[in-house]
file entry35.cif (mmCIF, C-alpha atoms)
data_data
#
loop_
_atom_site.label_atom_id
_atom_site.label_comp_id
_atom_site.auth_asym_id
_atom_site.auth_seq_id
_atom_site.Cartn_x
_atom_site.Cartn_y
_atom_site.Cartn_z
CA MET A 24 -56.46 15.13 87.60
CA ARG A 25 -59.61 16.16 85.80
CA ALA A 26 -59.05 17.99 82.54
CA TYR A 27 -61.05 18.78 79.42
CA PHE A 28 -60.28 17.80 75.84
CA GLY A 29 -61.86 19.79 73.03
CA ARG A 30 -62.07 18.97 69.35
CA ARG A 31 -63.56 20.89 66.43
CA TYR A 32 -65.34 19.55 63.37
CA THR A 33 -67.28 21.12 60.51
CA ILE A 34 -70.62 20.16 59.04
CA SER A 35 -72.19 21.70 55.93
CA ALA A 36 -75.95 21.29 55.92
CA SER A 37 -79.17 22.93 54.85
CA HIS A 38 -82.28 23.65 56.86
CA ARG A 39 -85.48 25.63 56.99
CA LEU A 40 -86.92 26.99 60.20
CA HIS A 41 -90.64 26.32 60.13
CA THR A 42 -93.21 24.84 62.47
CA ASP A 43 -96.67 23.60 61.64
CA ALA A 44 -97.75 24.89 65.06
CA LEU A 45 -97.73 28.43 63.67
CA SER A 46 -99.52 30.01 60.72
CA ALA A 47 -97.61 30.88 57.55
CA GLU A 48 -97.57 34.52 58.60
CA GLU A 49 -96.44 33.71 62.15
CA ASN A 50 -93.65 31.51 60.77
CA ARG A 51 -92.54 34.38 58.56
CA THR A 52 -92.56 36.82 61.50
CA THR A 53 -90.79 34.43 63.85
CA TYR A 54 -88.12 33.01 61.57
CA GLY A 55 -87.70 35.74 58.92
CA LYS A 56 -85.34 34.74 56.10
CA CYS A 57 -84.79 31.39 57.77
CA ASN A 58 -88.39 30.53 56.83
CA ASN A 59 -87.80 30.86 53.07
CA PRO A 60 -89.59 27.84 51.60
CA HIS A 61 -86.69 26.07 49.93
CA GLY A 62 -84.26 26.33 52.81
CA HIS A 63 -80.67 27.53 52.92
CA GLY A 64 -77.36 26.22 54.26
CA HIS A 65 -74.50 26.84 56.65
CA ASN A 66 -71.00 25.65 57.35
CA TYR A 67 -71.52 24.69 60.97
CA GLY A 68 -68.61 24.56 63.38
CA LEU A 69 -69.01 21.78 65.93
CA GLU A 70 -66.98 21.77 69.13
CA VAL A 71 -67.07 18.70 71.39
CA VAL A 72 -65.60 18.91 74.91
CA VAL A 73 -64.93 15.73 76.89
CA ALA A 74 -64.16 15.81 80.63
CA GLY A 75 -62.32 13.20 82.60
CA ALA A 76 -59.24 12.15 84.50
CA VAL A 77 -55.98 12.29 82.57
CA ASN A 78 -54.87 8.69 82.04
CA PRO A 79 -51.39 8.49 83.63
CA GLU A 80 -50.14 6.02 81.01
CA THR A 81 -51.14 8.03 77.95
CA GLY A 82 -51.44 11.58 79.29
CA MET A 83 -54.84 11.74 77.63
CA VAL A 84 -58.45 12.31 78.69
CA VAL A 85 -59.66 10.52 75.58
CA ASP A 86 -57.96 9.03 72.54
CA MET A 87 -58.49 11.58 69.77
CA ALA A 88 -58.69 9.05 66.94
CA ALA A 89 -61.34 7.08 68.84
CA LEU A 90 -63.30 10.28 69.58
CA ASP A 91 -63.06 11.32 65.92
CA GLU A 92 -64.47 7.97 64.85
CA VAL A 93 -67.47 8.30 67.19
CA VAL A 94 -68.21 11.87 66.13
CA ARG A 95 -67.76 11.01 62.46
CA SER A 96 -69.96 7.92 62.52
CA ARG A 97 -72.72 9.30 64.76
CA VAL A 98 -72.87 12.98 63.82
CA VAL A 99 -70.76 14.13 60.84
CA ASP A 100 -71.75 11.32 58.48
CA ARG A 101 -75.37 11.81 59.48
CA PHE A 102 -75.66 15.57 58.99
CA ASP A 103 -72.83 16.64 56.67
CA HIS A 104 -74.09 17.54 53.18
CA ALA A 105 -77.63 16.72 54.25
CA ASN A 106 -80.91 18.54 54.71
CA LEU A 107 -81.52 18.66 58.47
CA ASN A 108 -85.30 18.92 58.06
CA LEU A 109 -85.37 15.51 56.37
CA ASP A 110 -83.54 13.71 59.19
CA PRO A 111 -85.94 11.61 61.33
CA LEU A 112 -84.73 13.45 64.45
CA PHE A 113 -86.06 16.73 63.05
CA VAL A 114 -89.41 15.52 61.75
CA ASN A 115 -91.11 17.03 64.79
CA LEU A 116 -88.33 19.36 65.89
CA VAL A 117 -87.42 22.68 64.28
CA PRO A 118 -83.74 22.45 63.21
CA THR A 119 -82.63 25.59 64.98
CA THR A 120 -79.02 25.52 66.08
CA GLU A 121 -80.25 25.30 69.69
CA ASN A 122 -82.01 22.06 68.83
CA LEU A 123 -79.07 20.82 66.74
CA SER A 124 -76.77 21.25 69.74
CA ARG A 125 -79.19 19.23 71.91
CA VAL A 126 -79.52 16.51 69.28
CA VAL A 127 -75.75 16.22 68.88
CA PHE A 128 -75.30 16.08 72.67
CA ALA A 129 -77.80 13.21 72.87
CA LEU A 130 -76.16 11.34 69.97
CA LEU A 131 -72.72 11.51 71.59
CA LYS A 132 -73.47 11.29 75.32
CA GLU A 133 -73.56 7.50 75.65
CA ALA A 134 -71.12 6.77 72.83
CA LEU A 135 -67.85 8.36 73.99
CA PRO A 136 -64.80 6.07 74.08
CA ALA A 137 -63.72 7.60 77.43
CA GLY A 138 -64.64 10.45 79.78
CA GLU A 139 -67.94 12.29 80.02
CA LEU A 140 -69.49 14.69 77.55
CA GLU A 141 -69.04 18.15 79.05
CA ARG A 142 -70.35 20.39 76.30
CA VAL A 143 -71.41 20.53 72.68
CA ARG A 144 -71.11 23.86 70.94
CA VAL A 145 -72.52 24.46 67.48
CA GLU A 146 -71.56 27.58 65.55
CA GLU A 147 -74.08 28.37 62.83
CA THR A 148 -72.00 31.26 61.50
CA GLU A 149 -68.96 33.10 62.82
CA ASN A 150 -71.33 35.36 64.72
CA ASN A 151 -73.70 33.02 66.49
CA PHE A 152 -73.26 29.84 68.46
CA PHE A 153 -75.23 27.65 70.81
CA GLU A 154 -74.05 25.37 73.60
CA CYS A 155 -75.63 22.37 75.27
CA GLU A 156 -74.27 20.93 78.50
CA GLY A 157 -76.97 18.30 78.86
CA GLU A 158 -78.98 20.19 81.47
CA MET B 15 -67.56 37.98 89.07
CA ILE B 16 -65.85 38.91 85.83
CA TYR B 17 -63.77 36.50 83.75
CA LEU B 18 -60.92 37.94 81.75
CA THR B 19 -58.94 35.97 79.17
CA ARG B 20 -55.59 36.70 77.61
CA ARG B 21 -54.00 34.76 74.75
CA ALA B 22 -50.38 34.17 73.81
CA THR B 23 -48.76 31.90 71.26
CA PHE B 24 -45.71 29.71 71.45
CA SER B 25 -44.07 27.24 69.09
CA ALA B 26 -42.57 24.01 70.32
CA SER B 27 -41.74 20.46 69.31
CA HIS B 28 -42.57 17.21 71.08
CA TYR B 29 -43.23 13.50 70.70
CA TYR B 30 -45.42 11.05 72.63
CA TRP B 31 -43.66 8.06 74.12
CA ASN B 32 -44.28 5.91 77.18
CA PRO B 33 -40.95 4.22 78.08
CA ALA B 34 -42.83 1.47 79.97
CA TRP B 35 -44.29 0.24 76.65
CA THR B 36 -42.84 -1.52 73.62
CA SER B 37 -42.22 0.42 70.41
CA GLU B 38 -45.18 -1.38 68.86
CA LYS B 39 -47.57 -0.31 71.62
CA ASN B 40 -46.32 3.29 71.52
CA GLU B 41 -46.89 3.40 67.78
CA GLN B 42 -50.30 1.76 68.11
CA VAL B 43 -51.54 4.19 70.80
CA PHE B 44 -49.84 7.40 69.70
CA GLY B 45 -49.64 6.91 65.93
CA ARG B 46 -47.52 9.50 64.14
CA CYS B 47 -47.02 11.39 67.43
CA ALA B 48 -44.71 8.55 68.55
CA ASN B 49 -42.08 9.42 65.91
CA ARG B 50 -38.97 9.86 68.08
CA ASN B 51 -37.60 12.61 65.86
CA GLY B 52 -40.45 14.77 67.10
CA HIS B 53 -42.66 17.28 65.33
CA GLY B 54 -43.94 20.76 66.17
CA HIS B 55 -46.97 22.96 66.62
CA ASN B 56 -47.90 26.59 66.91
CA TYR B 57 -49.67 26.48 70.26
CA THR B 58 -52.07 29.05 71.65
CA LEU B 59 -52.19 29.54 75.41
CA GLU B 60 -55.44 31.02 76.72
CA VAL B 61 -55.43 32.11 80.36
CA THR B 62 -58.65 33.06 82.14
CA VAL B 63 -58.66 34.83 85.50
CA ALA B 64 -61.74 35.54 87.61
CA GLY B 65 -62.37 38.37 90.02
CA GLU B 66 -64.28 41.53 90.81
CA THR B 67 -63.57 44.79 89.00
CA ASP B 68 -61.50 47.27 90.96
CA PRO B 69 -63.79 50.27 91.66
CA VAL B 70 -61.01 52.75 90.86
CA THR B 71 -59.41 51.22 87.75
CA GLY B 72 -62.31 49.14 86.44
CA PHE B 73 -59.83 46.29 85.95
CA VAL B 74 -60.15 42.69 87.14
CA VAL B 75 -56.42 42.37 86.72
CA ASP B 76 -53.68 44.48 85.15
CA LEU B 77 -53.42 43.00 81.65
CA LYS B 78 -49.82 44.03 81.23
CA GLY B 79 -48.98 42.23 84.47
CA LEU B 80 -50.82 39.11 83.31
CA LYS B 81 -48.94 39.21 80.00
CA GLU B 82 -45.63 39.43 81.87
CA ILE B 83 -46.58 36.46 84.07
CA MET B 84 -47.49 34.37 81.01
CA GLU B 85 -44.25 35.29 79.25
CA ARG B 86 -42.06 34.71 82.30
CA GLU B 87 -43.68 31.54 83.65
CA VAL B 88 -44.62 29.72 80.45
CA LEU B 89 -43.33 31.22 77.21
CA ALA B 90 -39.77 31.70 78.45
CA ALA B 91 -39.64 27.98 79.26
CA TRP B 92 -41.60 26.52 76.35
CA ASP B 93 -41.40 28.80 73.31
CA HIS B 94 -39.06 27.48 70.59
CA ARG B 95 -38.12 24.49 72.77
CA HIS B 96 -38.40 20.74 72.50
CA LEU B 97 -40.87 19.95 75.28
CA ASN B 98 -39.58 16.42 75.95
CA LEU B 99 -35.91 17.42 75.98
CA ASP B 100 -35.86 21.00 77.27
CA THR B 101 -38.52 21.22 79.99
CA PRO B 102 -38.35 19.52 83.40
CA GLU B 103 -42.07 18.70 83.62
CA PHE B 104 -41.95 16.59 80.46
CA ALA B 105 -38.79 14.66 81.23
CA VAL B 106 -41.18 11.93 82.41
CA ALA B 107 -44.77 13.07 81.74
CA ILE B 108 -45.93 12.82 78.13
CA PRO B 109 -46.41 16.32 76.62
CA THR B 110 -50.00 15.81 75.51
CA THR B 111 -52.21 18.88 75.25
CA GLU B 112 -53.95 17.78 78.47
CA ASN B 113 -50.63 17.65 80.33
CA LEU B 114 -49.55 21.00 78.85
CA ALA B 115 -52.73 22.60 80.23
CA ILE B 116 -52.05 21.13 83.68
CA ALA B 117 -48.37 22.11 83.61
CA ALA B 118 -49.16 25.66 82.45
CA TRP B 119 -51.66 25.97 85.32
CA LYS B 120 -48.98 24.88 87.83
CA ARG B 121 -46.55 27.42 86.40
CA LEU B 122 -49.07 30.28 86.37
CA GLU B 123 -51.15 29.77 89.51
CA PRO B 124 -48.63 30.94 92.17
CA ALA B 125 -47.75 34.09 90.21
CA VAL B 126 -51.36 34.99 89.43
CA THR B 127 -52.32 34.49 93.08
CA ALA B 128 -49.31 36.52 94.27
CA ALA B 129 -50.23 39.39 91.93
CA GLY B 130 -53.55 39.67 93.78
CA GLY B 131 -56.92 40.88 92.58
CA ALA B 132 -57.95 37.80 90.65
CA ARG B 133 -57.74 34.02 90.77
CA LEU B 134 -56.66 31.74 87.98
CA ASN B 135 -59.88 30.22 86.61
CA ARG B 136 -58.96 28.24 83.52
CA VAL B 137 -56.01 27.44 81.29
CA ARG B 138 -56.73 26.33 77.74
CA VAL B 139 -54.00 25.18 75.35
CA TYR B 140 -54.68 24.85 71.63
CA GLU B 141 -52.35 22.44 69.86
CA THR B 142 -54.00 23.28 66.53
CA PRO B 143 -57.11 25.39 65.84
CA GLU B 144 -59.11 22.12 66.04
CA ILE B 145 -57.60 20.57 69.19
CA PHE B 146 -57.52 22.01 72.69
CA ALA B 147 -57.34 20.94 76.31
CA GLU B 148 -58.42 22.76 79.46
CA PHE B 149 -57.50 22.55 83.11
CA ARG B 150 -59.51 24.28 85.84
CA GLY B 151 -57.45 23.27 88.86
CA GLU B 152 -59.69 20.33 89.74
CA ALA B 153 -58.29 17.33 91.57
#

call {"tool": "encode", "arguments": {"input": "entry35.cif", "output": "structure tokens"}}
result
Amino acid sequence: MRAYFGRRYTISASHRLHTDALSAEENRTTYGKCNNPHGHGHNYGLEVVVAGAVNPETGMVVDMAALDEVVRSRVVDRFDHANLNLDPLFVNLVPTTENLSRVVFALLKEALPAGELERVRVEETENNFFECEGE
Amino acid sequence: MIYLTRRATFSASHYYWNPAWTSEKNEQVFGRCANRNGHGHNYTLEVTVAGETDPVTGFVVDLKGLKEIMEREVLAAWDHRHLNLDTPEFAVAIPTTENLAIAAWKRLEPAVTAAGGARLNRVRVYETPEIFAEFRGEA
């Protein structure tokens, strides 16, 4: 039977929302405080949901320790306590949480130990979150 | 279509063990969860029903009725129990969070359907705040 396994992680990172495609004034209008020149940080909540058949021998969709290792090595180690703007993936991509959710989805999609990636949810604060389902 | 979710909590103990395997393989696959003395969690059960709002009451489903179904069908059987030793569905199946979500669905679905007005849409079981599994009734 198909079920879904979800796991939460946290990432603390800094970023600045700014695009060279807009003028300084347009950046300020569009991104507000998030455009402050020296950046700022968040404790991001990351939720990874894996879909698949429940293995009858283990009762599991995916082995949690193996999933943790993939998420740690590909995502958490890369972005935790880092400046998102300086990561090569964000050189030409504004590190909004929308884009972070898409980047994380792409980093994990082909690397899962079992099942398929159903959804990546990134919570920037307790009051806003973004989800990518790979569409 | 409106989706309505109700939460409840229960506390239970369990262990993970596949009797077809050696002790070594059980410990390798399940780690600390294979300790035969068991361990426990405060689980959260999240039940989502889907339906149209009743034009008179504005409800998708009577929340008190849904609470009673959750308490009768799931909590009465699982709360403050040892899942492997006290519940028929885990006499054989391993009480992983995935299997808890499937078993909770099977317990809830007939009663939710019989109550009318809404269909069971999703059951999510949190083993800890960082670990959950969902079942949506898919084959």

call {"tool": "interface_residues", "arguments": {"input": "entry35.cif", "of": "chain A", "to": "chain B", "cutoff": "12 Å", "atoms": "only C-alpha atoms", "output": "PyMOL selection string"}}
result
chain A and resi 24-33+68-91+141

call {"tool": "resolve_selection", "arguments": {"input": "entry35.cif", "expression": "the PyMOL selection byres ((chain B and resi 67) around 12)", "output": "ChimeraX atom specification"}}
result
/B:15-18,63-66,68-76,131-132

call {"tool": "write_last_selection", "arguments": {"input": "entry35.cif", "atoms": "C-alpha atoms", "output": "mmCIF file, in the coordinates of the input"}}
result
data_model
loop_
_atom_site.group_PDB
_atom_site.id
_atom_site.type_symbol
_atom_site.label_atom_id
_atom_site.label_comp_id
_atom_site.auth_asym_id
_atom_site.auth_seq_id
_atom_site.Cartn_x
_atom_site.Cartn_y
_atom_site.Cartn_z
ATOM 1 C CA MET B 15 -67.560 37.980 89.070
ATOM 2 C CA ILE B 16 -65.850 38.910 85.830
ATOM 3 C CA TYR B 17 -63.770 36.500 83.750
ATOM 4 C CA LEU B 18 -60.920 37.940 81.750
ATOM 5 C CA VAL B 63 -58.660 34.830 85.500
ATOM 6 C CA ALA B 64 -61.740 35.540 87.610
ATOM 7 C CA GLY B 65 -62.370 38.370 90.020
ATOM 8 C CA GLU B 66 -64.280 41.530 90.810
ATOM 9 C CA ASP B 68 -61.500 47.270 90.960
ATOM 10 C CA PRO B 69 -63.790 50.270 91.660
ATOM 11 C CA VAL B 70 -61.010 52.750 90.860
ATOM 12 C CA THR B 71 -59.410 51.220 87.750
ATOM 13 C CA GLY B 72 -62.310 49.140 86.440
ATOM 14 C CA PHE B 73 -59.830 46.290 85.950
ATOM 15 C CA VAL B 74 -60.150 42.690 87.140
ATOM 16 C CA VAL B 75 -56.420 42.370 86.720
ATOM 17 C CA ASP B 76 -53.680 44.480 85.150
ATOM 18 C CA GLY B 131 -56.920 40.880 92.580
ATOM 19 C CA ALA B 132 -57.950 37.800 90.650
#

call {"tool": "atom_distance", "arguments": {"input": "entry35.cif", "atom1": "atom CA of Val145 of chain A", "atom2": "atom CA of Asp103 of chain A"}}
result
13.3 Å

call {"tool": "residues_around", "arguments": {"input": "entry35.cif", "residues": "Asn56 of chain B", "least_positions_apart": "5", "cutoff": "7 Å", "atoms": "all atoms listed in the file", "output": "list in words"}}
result
Thr23, Phe24, Ser25, Ala26, Glu141 and Thr142 of chain B

call {"tool": "closest_residue", "arguments": {"input": "entry35.cif", "among": "B:Leu59, B:Ala129, B:Ala117, B:Ala105", "to": "Asp93 of chain B", "atoms": "all atoms listed in the file"}}
result
B:Leu59

call {"tool": "resolve_selection", "arguments": {"input": "entry35.cif", "expression": "the PyMOL selection byres ((chain A and resi 97) around 12)", "output": "compact mmCIF listing (two decimals) with C-alpha atoms, keeping the file's coordinate frame"}}
result
# COMPACT_ATOMS: atom_id res chain seq x y z
CA LEU A 90 -63.30 10.28 69.58
CA ASP A 91 -63.06 11.32 65.92
CA GLU A 92 -64.47 7.97 64.85
CA VAL A 93 -67.47 8.30 67.19
CA VAL A 94 -68.21 11.87 66.13
CA ARG A 95 -67.76 11.01 62.46
CA SER A 96 -69.96 7.92 62.52
CA VAL A 98 -72.87 12.98 63.82
CA VAL A 99 -70.76 14.13 60.84
CA ASP A 100 -71.75 11.32 58.48
CA ARG A 101 -75.37 11.81 59.48
CA PHE A 102 -75.66 15.57 58.99
CA ASP A 103 -72.83 16.64 56.67
CA VAL A 126 -79.52 16.51 69.28
CA VAL A 127 -75.75 16.22 68.88
CA PHE A 128 -75.30 16.08 72.67
CA ALA A 129 -77.80 13.21 72.87
CA LEU A 130 -76.16 11.34 69.97
CA LEU A 131 -72.72 11.51 71.59
CA LYS A 132 -73.47 11.29 75.32
CA GLU A 133 -73.56 7.50 75.65
CA ALA A 134 -71.12 6.77 72.83
CA LEU A 135 -67.85 8.36 73.99

call {"tool": "resolve_selection", "arguments": {"input": "entry35.cif", "expression": "the PyMOL selection byres ((chain A and resi 150-158) around 7)", "output": "PyMOL selection string"}}
result
chain A and resi 120-121+124-125+128+141-149

call {"tool": "atom_distance", "arguments": {"input": "entry35.cif", "atom1": "atom CA of Arg46 of chain B", "atom2": "atom CA of Tyr29 of chain B"}}
result
8.8 Å

call {"tool": "residues_around", "arguments": {"input": "entry35.cif", "residues": "segment 111-115 of chain A", "least_positions_apart": "5", "cutoff": "9 Å", "atoms": "all atoms listed in the file", "output": "compact mmCIF listing (two decimals) with C-alpha atoms, keeping the file's coordinate frame"}}
result
# COMPACT_ATOMS: atom_id res chain seq x y z
CA THR A 42 -93.21 24.84 62.47
CA ASN A 122 -82.01 22.06 68.83
CA LEU A 123 -79.07 20.82 66.74
CA VAL A 126 -79.52 16.51 69.28

call {"tool": "closest_residue", "arguments": {"input": "entry35.cif", "among": "B:Glu60, B:Leu80, B:Leu97, B:His53", "to": "Ala128 of chain B", "atoms": "all atoms listed in the file"}}
result
B:Leu80

call {"tool": "closest_residue", "arguments": {"input": "entry35.cif", "among": "B:Arg121, B:Lys39, B:Gly130, B:Val137", "to": "Arg86 of chain B", "atoms": "all atoms listed in the file"}}
result
B:Arg121

call {"tool": "closest_residue", "arguments": {"input": "entry35.cif", "among": "A:Cys57, A:Asp43, A:Arg51, A:Gly62", "to": "Leu109 of chain A", "atoms": "all atoms listed in the file"}}
result
A:Gly62

call {"tool": "atom_distance", "arguments": {"input": "entry35.cif", "atom1": "atom CA of Ala105 of chain A", "atom2": "atom CA of Glu48 of chain A"}}
result
27.1 Å

call {"tool": "closest_residue", "arguments": {"input": "entry35.cif", "among": "A:Leu45, A:Pro118, A:His38, A:Gly138", "to": "His65 of chain A", "atoms": "all atoms listed in the file"}}
result
A:His38

call {"tool": "residues_around", "arguments": {"input": "entry35.cif", "residues": "Val88 of chain B", "least_positions_apart": "3", "cutoff": "9 Å", "atoms": "all atoms listed in the file", "output": "NGL selection string"}}
result
:B and (83-85 or 91-93 or 118 or 121-122)

call {"tool": "decode", "arguments": {"input": "entry35.cif", "residues": "segment 54-113 of chain A", "atoms": "C-alpha atoms", "output": "PDB file, in the first residue's frame"}}
result
ATOM      1  CA  TYR A  54      11.758  43.128  -1.223  1.00  0.00           C
ATOM      2  CA  GLY A  55      11.464  45.708   1.588  1.00  0.00           C
ATOM      3  CA  LYS A  56      13.508  44.802   4.669  1.00  0.00           C
ATOM      4  CA  CYS A  57      14.672  41.634   2.949  1.00  0.00           C
ATOM      5  CA  ASN A  58      16.724  43.856   0.624  1.00  0.00           C
ATOM      6  CA  ASN A  59      18.850  45.337   3.439  1.00  0.00           C
ATOM      7  CA  PRO A  60      22.391  45.280   2.037  1.00  0.00           C
ATOM      8  CA  HIS A  61      24.093  43.030   4.562  1.00  0.00           C
ATOM      9  CA  GLY A  62      21.438  40.344   4.659  1.00  0.00           C
ATOM     10  CA  HIS A  63      19.691  38.694   7.591  1.00  0.00           C
ATOM     11  CA  GLY A  64      18.980  35.143   8.739  1.00  0.00           C
ATOM     12  CA  HIS A  65      16.300  32.610   9.567  1.00  0.00           C
ATOM     13  CA  ASN A  66      15.876  29.289  11.283  1.00  0.00           C
ATOM     14  CA  TYR A  67      14.285  27.446   8.397  1.00  0.00           C
ATOM     15  CA  GLY A  68      12.115  24.406   8.993  1.00  0.00           C
ATOM     16  CA  LEU A  69      12.499  21.822   6.237  1.00  0.00           C
ATOM     17  CA  GLU A  70       9.919  19.081   5.770  1.00  0.00           C
ATOM     18  CA  VAL A  71      10.628  16.255   3.322  1.00  0.00           C
ATOM     19  CA  VAL A  72       7.811  13.876   2.322  1.00  0.00           C
ATOM     20  CA  VAL A  73       8.609  10.600   0.558  1.00  0.00           C
ATOM     21  CA  ALA A  74       5.896   8.508  -1.128  1.00  0.00           C
ATOM     22  CA  GLY A  75       6.036   4.829  -1.851  1.00  0.00           C
ATOM     23  CA  ALA A  76       4.817   1.340  -1.118  1.00  0.00           C
ATOM     24  CA  VAL A  77       5.257   0.148   2.455  1.00  0.00           C
ATOM     25  CA  ASN A  78       7.916  -2.571   2.388  1.00  0.00           C
ATOM     26  CA  PRO A  79       6.210  -5.657   3.872  1.00  0.00           C
ATOM     27  CA  GLU A  80       9.421  -6.848   5.548  1.00  0.00           C
ATOM     28  CA  THR A  81      10.243  -3.607   7.342  1.00  0.00           C
ATOM     29  CA  GLY A  82       6.888  -1.801   7.489  1.00  0.00           C
ATOM     30  CA  MET A  83       8.662   1.240   6.088  1.00  0.00           C
ATOM     31  CA  VAL A  84       8.376   3.477   3.025  1.00  0.00           C
ATOM     32  CA  VAL A  85      11.988   4.528   3.445  1.00  0.00           C
ATOM     33  CA  ASP A  86      14.676   3.839   6.021  1.00  0.00           C
ATOM     34  CA  MET A  87      14.815   6.979   8.151  1.00  0.00           C
ATOM     35  CA  ALA A  88      18.538   6.794   8.884  1.00  0.00           C
ATOM     36  CA  ALA A  89      19.295   6.463   5.166  1.00  0.00           C
ATOM     37  CA  LEU A  90      16.970   9.389   4.360  1.00  0.00           C
ATOM     38  CA  ASP A  91      18.598  11.483   7.096  1.00  0.00           C
ATOM     39  CA  GLU A  92      22.022  10.810   5.615  1.00  0.00           C
ATOM     40  CA  VAL A  93      20.920  11.926   2.132  1.00  0.00           C
ATOM     41  CA  VAL A  94      19.246  15.090   3.423  1.00  0.00           C
ATOM     42  CA  ARG A  95      22.187  15.879   5.686  1.00  0.00           C
ATOM     43  CA  SER A  96      24.854  15.375   3.034  1.00  0.00           C
ATOM     44  CA  ARG A  97      23.018  17.043   0.137  1.00  0.00           C
ATOM     45  CA  VAL A  98      21.049  19.827   1.819  1.00  0.00           C
ATOM     46  CA  VAL A  99      21.728  20.475   5.523  1.00  0.00           C
ATOM     47  CA  ASP A 100      25.522  20.425   5.313  1.00  0.00           C
ATOM     48  CA  ARG A 101      25.340  22.641   2.251  1.00  0.00           C
ATOM     49  CA  PHE A 102      23.048  25.369   3.572  1.00  0.00           C
ATOM     50  CA  ASP A 103      23.176  25.210   7.390  1.00  0.00           C
ATOM     51  CA  HIS A 104      25.133  28.127   8.888  1.00  0.00           C
ATOM     52  CA  ALA A 105      25.820  29.455   5.409  1.00  0.00           C
ATOM     53  CA  ASN A 106      24.964  32.508   3.353  1.00  0.00           C
ATOM     54  CA  LEU A 107      22.531  31.324   0.674  1.00  0.00           C
ATOM     55  CA  ASN A 108      23.480  34.128  -1.726  1.00  0.00           C
ATOM     56  CA  LEU A 109      27.047  32.807  -1.886  1.00  0.00           C
ATOM     57  CA  ASP A 110      26.041  29.265  -2.859  1.00  0.00           C
ATOM     58  CA  PRO A 111      26.673  28.589  -6.590  1.00  0.00           C
ATOM     59  CA  LEU A 112      23.020  27.562  -6.991  1.00  0.00           C
ATOM     60  CA  PHE A 113      21.905  31.072  -6.016  1.00  0.00           C
TER      61      PHE A 113
END
